[in-house]
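Below: entry_14.cif (mmCIF, C-alpha atoms)
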data_input
#
loop_
_atom_site.group_PDB
_atom_site.id
_atom_site.type_symbol
_atom_site.label_atom_id
_atom_site.label_comp_id
_atom_site.auth_asym_id
_atom_site.auth_seq_id
_atom_site.Cartn_x
_atom_site.Cartn_y
_atom_site.Cartn_z
ATOM 1 C CA MET A 1 -22.903 6.693 67.766
ATOM 2 C CA SER A 2 -25.488 9.351 68.745
ATOM 3 C CA ARG A 3 -28.403 8.765 71.054
ATOM 4 C CA VAL A 4 -30.754 8.993 68.062
ATOM 5 C CA GLU A 5 -28.872 6.226 66.270
ATOM 6 C CA SER A 6 -28.892 4.092 69.401
ATOM 7 C CA ILE A 7 -32.649 3.587 69.028
ATOM 8 C CA THR A 8 -32.119 1.321 66.060
ATOM 9 C CA LYS A 9 -29.154 -0.505 67.575
ATOM 10 C CA PRO A 10 -30.122 -4.069 68.458
ATOM 11 C CA LEU A 11 -30.348 -4.665 72.166
ATOM 12 C CA ALA A 12 -27.539 -6.765 73.581
ATOM 13 C CA MET A 13 -28.393 -10.168 74.979
ATOM 14 C CA THR A 14 -32.003 -10.007 73.775
ATOM 15 C CA GLY A 15 -32.297 -13.670 74.404
ATOM 16 C CA THR A 16 -31.609 -13.224 78.123
ATOM 17 C CA THR A 17 -33.799 -10.191 78.839
ATOM 18 C CA THR A 18 -37.490 -10.101 79.484
ATOM 19 C CA PRO A 19 -39.916 -8.327 77.156
ATOM 20 C CA GLU A 20 -40.632 -5.801 79.924
ATOM 21 C CA ALA A 21 -36.936 -4.985 80.239
ATOM 22 C CA ARG A 22 -36.548 -4.529 76.492
ATOM 23 C CA VAL A 23 -39.569 -2.223 76.368
ATOM 24 C CA ALA A 24 -38.198 -0.187 79.281
ATOM 25 C CA THR A 25 -34.838 0.141 77.521
ATOM 26 C CA LEU A 26 -36.486 1.259 74.298
ATOM 27 C CA GLU A 27 -38.587 3.821 76.152
ATOM 28 C CA ALA A 28 -35.466 5.226 77.816
ATOM 29 C CA GLN A 29 -33.686 5.441 74.463
ATOM 30 C CA LEU A 30 -36.706 7.123 72.925
ATOM 31 C CA LYS A 31 -36.754 9.767 75.653
ATOM 32 C CA GLU A 32 -33.058 10.434 75.108
ATOM 33 C CA ALA A 33 -33.629 10.748 71.361
ATOM 34 C CA ILE A 34 -36.477 13.226 71.880
ATOM 35 C CA VAL A 35 -34.212 15.371 74.067
ATOM 36 C CA GLU A 36 -31.422 15.263 71.472
ATOM 37 C CA ILE A 37 -33.798 16.156 68.634
ATOM 38 C CA ALA A 38 -35.047 19.139 70.648
ATOM 39 C CA GLU A 39 -31.432 20.258 71.220
ATOM 40 C CA LEU A 40 -30.634 19.948 67.497
ATOM 41 C CA ARG A 41 -33.691 22.004 66.591
ATOM 42 C CA ALA A 42 -32.696 24.660 69.092
ATOM 43 C CA ARG A 43 -29.182 24.809 67.620
ATOM 44 C CA ASP A 44 -30.601 25.062 64.112
ATOM 45 C CA ALA A 45 -32.820 27.965 65.217
ATOM 46 C CA LEU A 46 -29.776 29.702 66.732
ATOM 47 C CA LYS A 47 -27.838 29.184 63.480
ATOM 48 C CA THR A 48 -30.676 30.704 61.466
ATOM 49 C CA GLN A 49 -30.922 33.678 63.813
ATOM 50 C CA PHE A 50 -27.145 34.179 63.649
ATOM 51 C CA LEU A 51 -27.235 34.210 59.837
ATOM 52 C CA ALA A 52 -30.041 36.776 59.905
ATOM 53 C CA ASN A 53 -28.245 39.000 62.424
ATOM 54 C CA ILE A 54 -24.832 38.920 60.754
ATOM 55 C CA SER A 55 -26.341 39.483 57.295
ATOM 56 C CA HIS A 56 -28.309 42.461 58.552
ATOM 57 C CA ASP A 57 -25.244 43.944 60.280
ATOM 58 C CA LEU A 58 -23.073 43.522 57.175
ATOM 59 C CA ARG A 59 -25.465 45.396 54.904
ATOM 60 C CA THR A 60 -24.832 48.802 56.557
ATOM 61 C CA PRO A 61 -21.022 48.953 56.145
ATOM 62 C CA LEU A 62 -21.214 47.406 52.668
ATOM 63 C CA THR A 63 -23.732 50.022 51.583
ATOM 64 C CA ALA A 64 -21.416 52.725 52.950
ATOM 65 C CA VAL A 65 -18.463 51.342 50.970
ATOM 66 C CA ILE A 66 -20.515 51.329 47.758
ATOM 67 C CA THR A 67 -21.866 54.830 48.382
ATOM 68 C CA HIS A 68 -18.403 56.343 48.981
ATOM 69 C CA GLY A 69 -17.119 54.530 45.905
ATOM 70 C CA GLU A 70 -19.906 56.095 43.830
ATOM 71 C CA ILE A 71 -19.034 59.537 45.246
ATOM 72 C CA LEU A 72 -15.463 59.094 44.021
ATOM 73 C CA ARG A 73 -16.638 57.704 40.662
ATOM 74 C CA ASP A 74 -18.945 60.658 40.051
ATOM 75 C CA GLY A 75 -16.130 63.166 40.669
ATOM 76 C CA ILE A 76 -17.834 64.868 43.617
ATOM 77 C CA LEU A 77 -14.513 65.007 45.492
ATOM 78 C CA GLY A 78 -12.455 65.806 42.404
ATOM 79 C CA ASP A 79 -11.392 64.243 39.143
ATOM 80 C CA LEU A 80 -9.756 60.825 39.062
ATOM 81 C CA SER A 81 -7.158 59.475 36.713
ATOM 82 C CA PRO A 82 -8.196 56.607 34.390
ATOM 83 C CA ARG A 83 -6.378 54.064 36.573
ATOM 84 C CA GLN A 84 -8.009 55.449 39.724
ATOM 85 C CA MET A 85 -11.419 55.348 38.048
ATOM 86 C CA GLU A 86 -10.891 51.712 37.068
ATOM 87 C CA SER A 87 -9.980 50.830 40.655
ATOM 88 C CA VAL A 88 -13.015 52.639 42.078
ATOM 89 C CA ARG A 89 -15.328 50.850 39.659
ATOM 90 C CA GLY A 90 -13.824 47.556 40.783
ATOM 91 C CA ILE A 91 -14.585 48.477 44.410
ATOM 92 C CA ILE A 92 -18.184 49.351 43.532
ATOM 93 C CA ASN A 93 -18.781 46.202 41.492
ATOM 94 C CA GLY A 94 -17.220 43.976 44.148
ATOM 95 C CA GLY A 95 -19.238 45.690 46.876
ATOM 96 C CA ARG A 96 -22.483 45.224 44.977
ATOM 97 C CA GLN A 97 -21.743 41.561 44.348
ATOM 98 C CA LEU A 98 -21.010 41.008 48.033
ATOM 99 C CA LEU A 99 -24.122 42.952 49.033
ATOM 100 C CA ASN A 100 -26.259 40.732 46.798
ATOM 101 C CA GLN A 101 -24.787 37.616 48.397
ATOM 102 C CA VAL A 102 -25.442 38.985 51.882
ATOM 103 C CA GLY A 103 -29.006 39.725 50.791
ATOM 104 C CA GLU A 104 -29.416 36.113 49.673
ATOM 105 C CA ILE A 105 -28.230 34.843 53.053
ATOM 106 C CA LEU A 106 -30.639 37.180 54.843
ATOM 107 C CA THR A 107 -33.558 36.066 52.672
ATOM 108 C CA TYR A 108 -32.642 32.421 53.221
ATOM 109 C CA ALA A 109 -32.474 32.926 56.996
ATOM 110 C CA ARG A 110 -35.904 34.550 57.012
ATOM 111 C CA GLY A 111 -37.309 31.723 54.938
ATOM 112 C CA ALA A 112 -35.792 29.086 57.218
ATOM 113 C CA ALA A 113 -37.393 30.848 60.182
ATOM 114 C CA ASN A 114 -40.755 31.039 58.357
ATOM 115 C CA GLN A 115 -40.562 34.833 58.432
ATOM 116 C CA LEU A 116 -41.112 35.334 54.701
ATOM 117 C CA THR A 117 -44.563 36.559 53.758
ATOM 118 C CA ILE A 118 -46.100 37.523 50.434
ATOM 119 C CA VAL A 119 -48.199 40.588 49.692
ATOM 120 C CA PRO A 120 -50.142 39.783 46.508
ATOM 121 C CA THR A 121 -50.932 42.597 44.105
ATOM 122 C CA ARG A 122 -52.351 42.660 40.594
ATOM 123 C CA PHE A 123 -49.753 43.300 37.881
ATOM 124 C CA GLY A 124 -48.773 42.272 34.380
ATOM 125 C CA ILE A 125 -45.989 39.708 34.176
ATOM 126 C CA ARG A 126 -44.682 41.381 30.981
ATOM 127 C CA GLU A 127 -43.858 44.508 33.005
ATOM 128 C CA VAL A 128 -41.602 42.512 35.312
ATOM 129 C CA LEU A 129 -39.986 40.683 32.377
ATOM 130 C CA ASP A 130 -39.093 44.003 30.746
ATOM 131 C CA GLN A 131 -37.788 45.390 34.054
ATOM 132 C CA ILE A 132 -35.455 42.442 34.679
ATOM 133 C CA SER A 133 -34.353 42.459 31.036
ATOM 134 C CA THR A 134 -33.366 46.134 31.254
ATOM 135 C CA LEU A 135 -31.370 45.565 34.443
ATOM 136 C CA ASN A 136 -29.408 42.752 32.799
ATOM 137 C CA ALA A 137 -28.891 44.528 29.456
ATOM 138 C CA PRO A 138 -25.304 45.692 30.203
ATOM 139 C CA LEU A 139 -24.137 42.161 31.046
ATOM 140 C CA VAL A 140 -25.946 40.723 28.009
ATOM 141 C CA LYS A 141 -24.181 43.263 25.817
ATOM 142 C CA LYS A 142 -20.814 42.582 27.440
ATOM 143 C CA LYS A 143 -21.073 38.847 26.737
ATOM 144 C CA ARG A 144 -22.543 39.476 23.268
ATOM 145 C CA LEU A 145 -25.567 37.308 24.031
ATOM 146 C CA THR A 146 -28.944 37.329 22.317
ATOM 147 C CA LEU A 147 -31.745 37.917 24.835
ATOM 148 C CA VAL A 148 -35.334 37.286 23.735
ATOM 149 C CA ILE A 149 -38.346 38.285 25.848
ATOM 150 C CA ASP A 150 -41.588 36.710 24.674
ATOM 151 C CA ALA A 151 -44.928 37.045 26.448
ATOM 152 C CA GLU A 152 -48.130 35.543 25.116
ATOM 153 C CA PRO A 153 -50.561 38.261 23.936
ATOM 154 C CA ASP A 154 -53.446 39.149 26.279
ATOM 155 C CA LEU A 155 -51.960 37.396 29.293
ATOM 156 C CA PRO A 156 -54.165 38.116 32.312
ATOM 157 C CA PRO A 157 -52.664 39.967 35.291
ATOM 158 C CA VAL A 158 -51.087 37.751 37.914
ATOM 159 C CA MET A 159 -51.975 37.917 41.601
ATOM 160 C CA ALA A 160 -48.613 37.648 43.349
ATOM 161 C CA ASP A 161 -45.970 39.503 45.310
ATOM 162 C CA ARG A 162 -44.333 41.558 42.571
ATOM 163 C CA GLU A 163 -41.032 42.053 44.408
ATOM 164 C CA LYS A 164 -40.615 38.347 45.080
ATOM 165 C CA ILE A 165 -41.549 37.289 41.549
ATOM 166 C CA ALA A 166 -39.005 39.820 40.279
ATOM 167 C CA HIS A 167 -36.460 38.233 42.634
ATOM 168 C CA VAL A 168 -37.129 34.782 41.164
ATOM 169 C CA LEU A 169 -36.872 36.062 37.599
ATOM 170 C CA ALA A 170 -33.694 38.012 38.331
ATOM 171 C CA ASN A 171 -32.079 34.920 39.819
ATOM 172 C CA LEU A 172 -33.030 32.621 36.945
ATOM 173 C CA LEU A 173 -32.083 35.109 34.237
ATOM 174 C CA GLY A 174 -28.844 36.000 36.029
ATOM 175 C CA ASN A 175 -27.890 32.309 36.156
ATOM 176 C CA ALA A 176 -28.768 31.839 32.487
ATOM 177 C CA ILE A 177 -26.560 34.769 31.485
ATOM 178 C CA GLU A 178 -23.693 33.660 33.732
ATOM 179 C CA PHE A 179 -23.623 30.061 32.515
ATOM 180 C CA THR A 180 -24.031 30.848 28.811
ATOM 181 C CA PRO A 181 -20.809 31.284 26.824
ATOM 182 C CA THR A 182 -20.153 34.436 24.826
ATOM 183 C CA GLY A 183 -22.311 34.633 21.706
ATOM 184 C CA GLY A 184 -24.999 32.314 23.067
ATOM 185 C CA ARG A 185 -28.739 32.820 23.409
ATOM 186 C CA VAL A 186 -30.965 33.390 26.447
ATOM 187 C CA TRP A 187 -34.747 33.687 26.452
ATOM 188 C CA VAL A 188 -37.678 34.301 28.783
ATOM 189 C CA ARG A 189 -41.184 33.222 27.805
ATOM 190 C CA ALA A 190 -44.497 33.692 29.604
ATOM 191 C CA SER A 191 -47.714 31.896 28.644
ATOM 192 C CA ARG A 192 -50.880 30.456 30.127
ATOM 193 C CA ALA A 193 -50.224 27.153 31.866
ATOM 194 C CA SER A 194 -52.466 24.289 30.813
ATOM 195 C CA LEU A 195 -54.267 23.041 33.896
ATOM 196 C CA GLU A 196 -53.597 19.476 34.937
ATOM 197 C CA LYS A 197 -56.009 17.391 36.970
ATOM 198 C CA SER A 198 -53.922 17.936 40.107
ATOM 199 C CA GLU A 199 -53.998 21.732 39.711
ATOM 200 C CA GLN A 200 -56.984 23.799 40.771
ATOM 201 C CA ILE A 201 -55.690 27.318 40.069
ATOM 202 C CA ALA A 202 -55.104 28.846 36.639
ATOM 203 C CA SER A 203 -51.492 29.971 36.338
ATOM 204 C CA VAL A 204 -48.987 31.751 34.155
ATOM 205 C CA LEU A 205 -46.028 29.599 33.123
ATOM 206 C CA VAL A 206 -42.649 31.346 32.910
ATOM 207 C CA GLU A 207 -39.706 29.725 31.136
ATOM 208 C CA VAL A 208 -36.118 30.945 31.413
ATOM 209 C CA GLY A 209 -33.848 29.115 28.985
ATOM 210 C CA ASP A 210 -30.328 29.297 27.654
ATOM 211 C CA THR A 211 -27.843 27.616 25.325
ATOM 212 C CA GLY A 212 -25.273 27.308 28.098
ATOM 213 C CA VAL A 213 -23.346 24.457 29.650
ATOM 214 C CA GLY A 214 -26.407 22.568 30.862
ATOM 215 C CA ILE A 215 -26.883 20.450 33.993
ATOM 216 C CA ALA A 216 -26.486 16.686 34.256
ATOM 217 C CA ALA A 217 -29.669 14.815 35.179
ATOM 218 C CA GLU A 218 -28.213 13.577 38.477
ATOM 219 C CA HIS A 219 -27.752 17.188 39.603
ATOM 220 C CA HIS A 220 -31.296 18.427 38.910
ATOM 221 C CA ASP A 221 -32.394 17.950 42.529
ATOM 222 C CA LEU A 222 -29.058 19.050 43.965
ATOM 223 C CA ILE A 223 -29.191 22.576 42.543
ATOM 224 C CA PHE A 224 -32.329 23.413 44.543
ATOM 225 C CA ARG A 225 -30.736 22.372 47.849
ATOM 226 C CA GLU A 226 -29.364 25.004 50.190
ATOM 227 C CA PHE A 227 -25.646 25.848 49.849
ATOM 228 C CA ALA A 228 -25.314 23.236 47.075
ATOM 229 C CA GLN A 229 -22.861 23.749 44.209
ATOM 230 C CA VAL A 230 -22.568 21.396 41.236
ATOM 231 C CA ASP A 231 -18.908 22.451 41.056
ATOM 232 C CA ALA A 232 -17.776 22.961 44.661
ATOM 233 C CA THR A 233 -14.045 23.234 43.963
ATOM 234 C CA PRO A 234 -12.251 26.441 45.064
ATOM 235 C CA SER A 235 -11.144 27.034 41.457
ATOM 236 C CA ARG A 236 -14.663 26.905 40.019
ATOM 237 C CA PRO A 237 -15.324 29.709 37.497
ATOM 238 C CA HIS A 238 -18.767 30.591 38.912
ATOM 239 C CA HIS A 239 -19.086 31.710 42.517
ATOM 240 C CA GLY A 240 -22.027 32.360 44.809
ATOM 241 C CA THR A 241 -23.700 31.348 48.049
ATOM 242 C CA GLY A 242 -25.491 28.342 46.571
ATOM 243 C CA LEU A 243 -28.777 29.784 47.865
ATOM 244 C CA GLY A 244 -30.250 31.440 44.773
ATOM 245 C CA LEU A 245 -32.336 28.511 43.543
ATOM 246 C CA THR A 246 -33.237 27.465 47.093
ATOM 247 C CA ILE A 247 -34.693 30.924 47.677
ATOM 248 C CA ALA A 248 -36.404 30.927 44.276
ATOM 249 C CA ARG A 249 -38.125 27.639 45.075
ATOM 250 C CA LYS A 250 -39.190 28.948 48.486
ATOM 251 C CA LEU A 251 -40.694 32.107 46.987
ATOM 252 C CA VAL A 252 -42.533 30.210 44.245
ATOM 253 C CA GLU A 253 -43.923 27.703 46.735
ATOM 254 C CA LEU A 254 -45.129 30.540 48.978
ATOM 255 C CA HIS A 255 -47.349 31.507 46.030
ATOM 256 C CA GLY A 256 -48.689 27.977 45.780
ATOM 257 C CA GLY A 257 -46.700 27.363 42.600
ATOM 258 C CA ARG A 258 -43.837 25.083 41.670
ATOM 259 C CA ILE A 259 -40.478 25.355 39.952
ATOM 260 C CA TRP A 260 -38.463 22.767 38.031
ATOM 261 C CA VAL A 261 -35.665 22.355 35.525
ATOM 262 C CA GLU A 262 -35.193 20.507 32.245
ATOM 263 C CA SER A 263 -31.586 20.242 31.151
ATOM 264 C CA GLU A 264 -28.866 18.045 29.749
ATOM 265 C CA LEU A 265 -25.141 18.524 30.100
ATOM 266 C CA GLY A 266 -23.902 20.473 27.088
ATOM 267 C CA SER A 267 -27.418 21.244 25.803
ATOM 268 C CA GLY A 268 -28.445 24.294 27.830
ATOM 269 C CA SER A 269 -31.072 24.581 30.546
ATOM 270 C CA ARG A 270 -34.729 25.537 30.806
ATOM 271 C CA PHE A 271 -36.150 26.563 34.173
ATOM 272 C CA TYR A 272 -39.925 26.781 34.612
ATOM 273 C CA PHE A 273 -42.145 28.176 37.334
ATOM 274 C CA MET A 274 -45.840 28.947 37.662
ATOM 275 C CA VAL A 275 -47.700 31.741 39.461
ATOM 276 C CA PRO A 276 -51.502 32.117 39.697
ATOM 277 C CA PHE A 277 -53.316 34.755 37.686
ATOM 278 C CA GLU A 278 -56.492 36.627 38.524
ATOM 279 C CA GLN A 279 -59.527 34.949 36.993
ATOM 280 C CA THR A 280 -62.555 36.946 35.882
ATOM 281 C CA ASP A 281 -65.946 35.766 34.736
#
Translate this structure into C-alpha cells?
Amino acid sequence: MSRVESITKPLAMTGTTTPEARVATLEAQLKEAIVEIAELRARDALKTQFLANISHDLRTPLTAVITHGEILRDGILGDLSPRQMESVRGIINGGRQLLNQVGEILTYARGAANQLTIVPTRFGIREVLDQISTLNAPLVKKKRLTLVIDAEPDLPPVMADREKIAHVLANLLGNAIEFTPTGGRVWVRASRASLEKSEQIASVLVEVGDTGVGIAAEHHDLIFREFAQVDATPSRPHHGTGLGLTIARKLVELHGGRIWVESELGSGSRFYFMVPFEQTD
C-alpha cells in the first residue's frame, strides 16, 4: 500500500485513541502523501522530457536514412535492378512511417509539458481539405476507395493555426483510410456549425467519415486516451503509437474547440471537430 492510499486506511484502534491523536496521525499521513505526489509529478515531468529528447534525437538519423534511400531510388549513384529498387522503396516507406511515429511522440511530449502553442492565421478550410486529400490520393487509389471532399459554399475563413488543423485532418483522414476495407468510401465535409446555447463562438464543423470497421460504444472514450489501442494484441493488423487521437484532441482544444466520435461496430465511424471562424459585420 502506498503512502497516498494510507490516508484512506482506517486508523487502528480508533476506539482507544483520542481525537487529538487521530488528527495528528491524519496530518502526518497527509504530509507524507503530499511529498509522494510531488515526487510522482517530478517523475512524470522527467518522463515527458525524456520522450521529447529521445524523439528529437531520433529524427536526425531517421531523416538521414530516408534521404540516402531517396538518393539510391533516384539513381544518383547509379542504376538499380528492379529487386534493388523494391528494397530501397521499402526502406524509404518504413523510414517515413517510423519518422511520423517519432513526430507523434515529440508532439505528445510537448503537449504534456504545455509547450504547444497556436499561431492563428486566416485561411480557407477548403484549401486544407484539398491539400490533405492530395497527399492521401496514392493510398486511396491503392485501396480502391472512394474519397469525397465536400465543403459548404461560401464558408468564411477560419482563424486557426493552419499547420495544426492540417495535422488533425491528416490524422483523422489517415485513420479513416486505414480502417476502411478495399472498395469502401471515405468522406470529409465542412459546414457552418449551428451554435448551441453553451457555445459563444461561431465555428466551422468538420466531419471525417468512413464505411470501415467502426468502433464499439464502450471504446469511444478509450480511443482518445494516450497510448490506448482498441486492439492491443501484438498480432493486430493496424499499428501505431496510440497517440494520434490524443494529439488531435489536444490541438482542437487549444483552439477552444472540441472533437468527438459517432460510431458503431461494423457500421463505420464519423469523427467531428469544430474550429472558430472569423466573423465580420
Would you translate the PyMOL selection byres ((chain A and resi 276) around 9) into the concrete set of residues it matches in this file, as a ChimeraX atom specification? /A:158-160,201-205,255-257,274-275,277-279
Mind giving me the straight-line distance from CA of Leu139 in chain A to CA of Glu207 in chain A in Å, one decimal? 19.9 Å
Can you translate the PyMOL selection byres ((chain A and resi 107) around 12) into the concrete residues it hits in this file, as a VMD selection string? chain A and resid 48 to 49 51 to 53 55 to 56 100 to 106 108 to 117 164 167 241 243 to 248 250 to 251
With only C-alpha atoms as the atoms that count, which of A:Gly212, A:Gly69, A:Gly124, A:Pro181 lies nearest to Glu152 in chain A? A:Gly124
Please report, as CSV, each residue of range 137-190 of chain A lying at most 8 Å from range 267-273 of chain A, together with the nearest pair of atoms and the separation in Å rounded to one decimal; use only C-alpha atoms, and order rows by chain and ascending residue number.
residue,atom,partner,partner_atom,distance
A:Leu172,CA,A:Phe271,CA,7.4
A:Ala176,CA,A:Ser269,CA,7.9
A:Thr180,CA,A:Gly268,CA,8.0
Provide the CA of Ile149 in chain A to CA of Trp187 in chain A distance in Å, to one decimal place.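 CA of Trp187 in chain A lies 5.9 Å from CA of Ile149 in chain A.
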What gap, in Å, lies between CA of Ala21 in chain A and CA of Ile37 in chain A?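 Straight-line distance from CA of Ala21 in chain A to CA of Ile37 in chain A works out to 24.3 Å.
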Shortest interatomic distance to Gly266 in chain A - which of A:His220, A:Asn171, A:Asp210, A:Leu147, counting all atoms listed in the file: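 When distances to Gly266 in chain A are compared using all atoms listed in the file, the smallest one comes from A:Asp210.
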Considering all atoms listed in the file, can you say which of A:Ala193, A:Val119, A:Ile177, A:Val206 comes closest to Glu163 in chain A?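 Going through A:Ala193, A:Val119, A:Ile177, A:Val206 one by one, the smallest distance to Glu163 in chain A is for A:Val119.
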Ground truth for the PyMOL selection byres ((chain A and resi 88) around 8), written as number ranges by chain: A: 69-70, 72-73, 84-87, 89-92
What's around Leu135 in chain A at 12 Å? Count all atoms listed in the file, leave out sequence neighbours fewer than 2 positions away in its own chain, and write the answer as a PyMOL selection string. chain A and resi 128-133+137-141+166+169-171+173-174
Could you pull the residues within 10 Å of Asp154 in chain A, counting all atoms listed in the file, minus those fewer than 3 positions along the same chain, as a ChimeraX atom specification? /A:124,151,157,191-192
Using all atoms listed in the file: which of A:Thr121, A:Asn93, A:Thr146, A:Thr211 has the shortest distance to Ile66 in chain A: A:Asn93
For Val252 in chain A, which residue out of A:Val23, A:Ile125, A:Ile118, A:Leu77 is the nearest one, using only C-alpha atoms?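 Of A:Val23, A:Ile125, A:Ile118, A:Leu77, the one nearest Val252 in chain A is A:Ile118, counting only C-alpha atoms.
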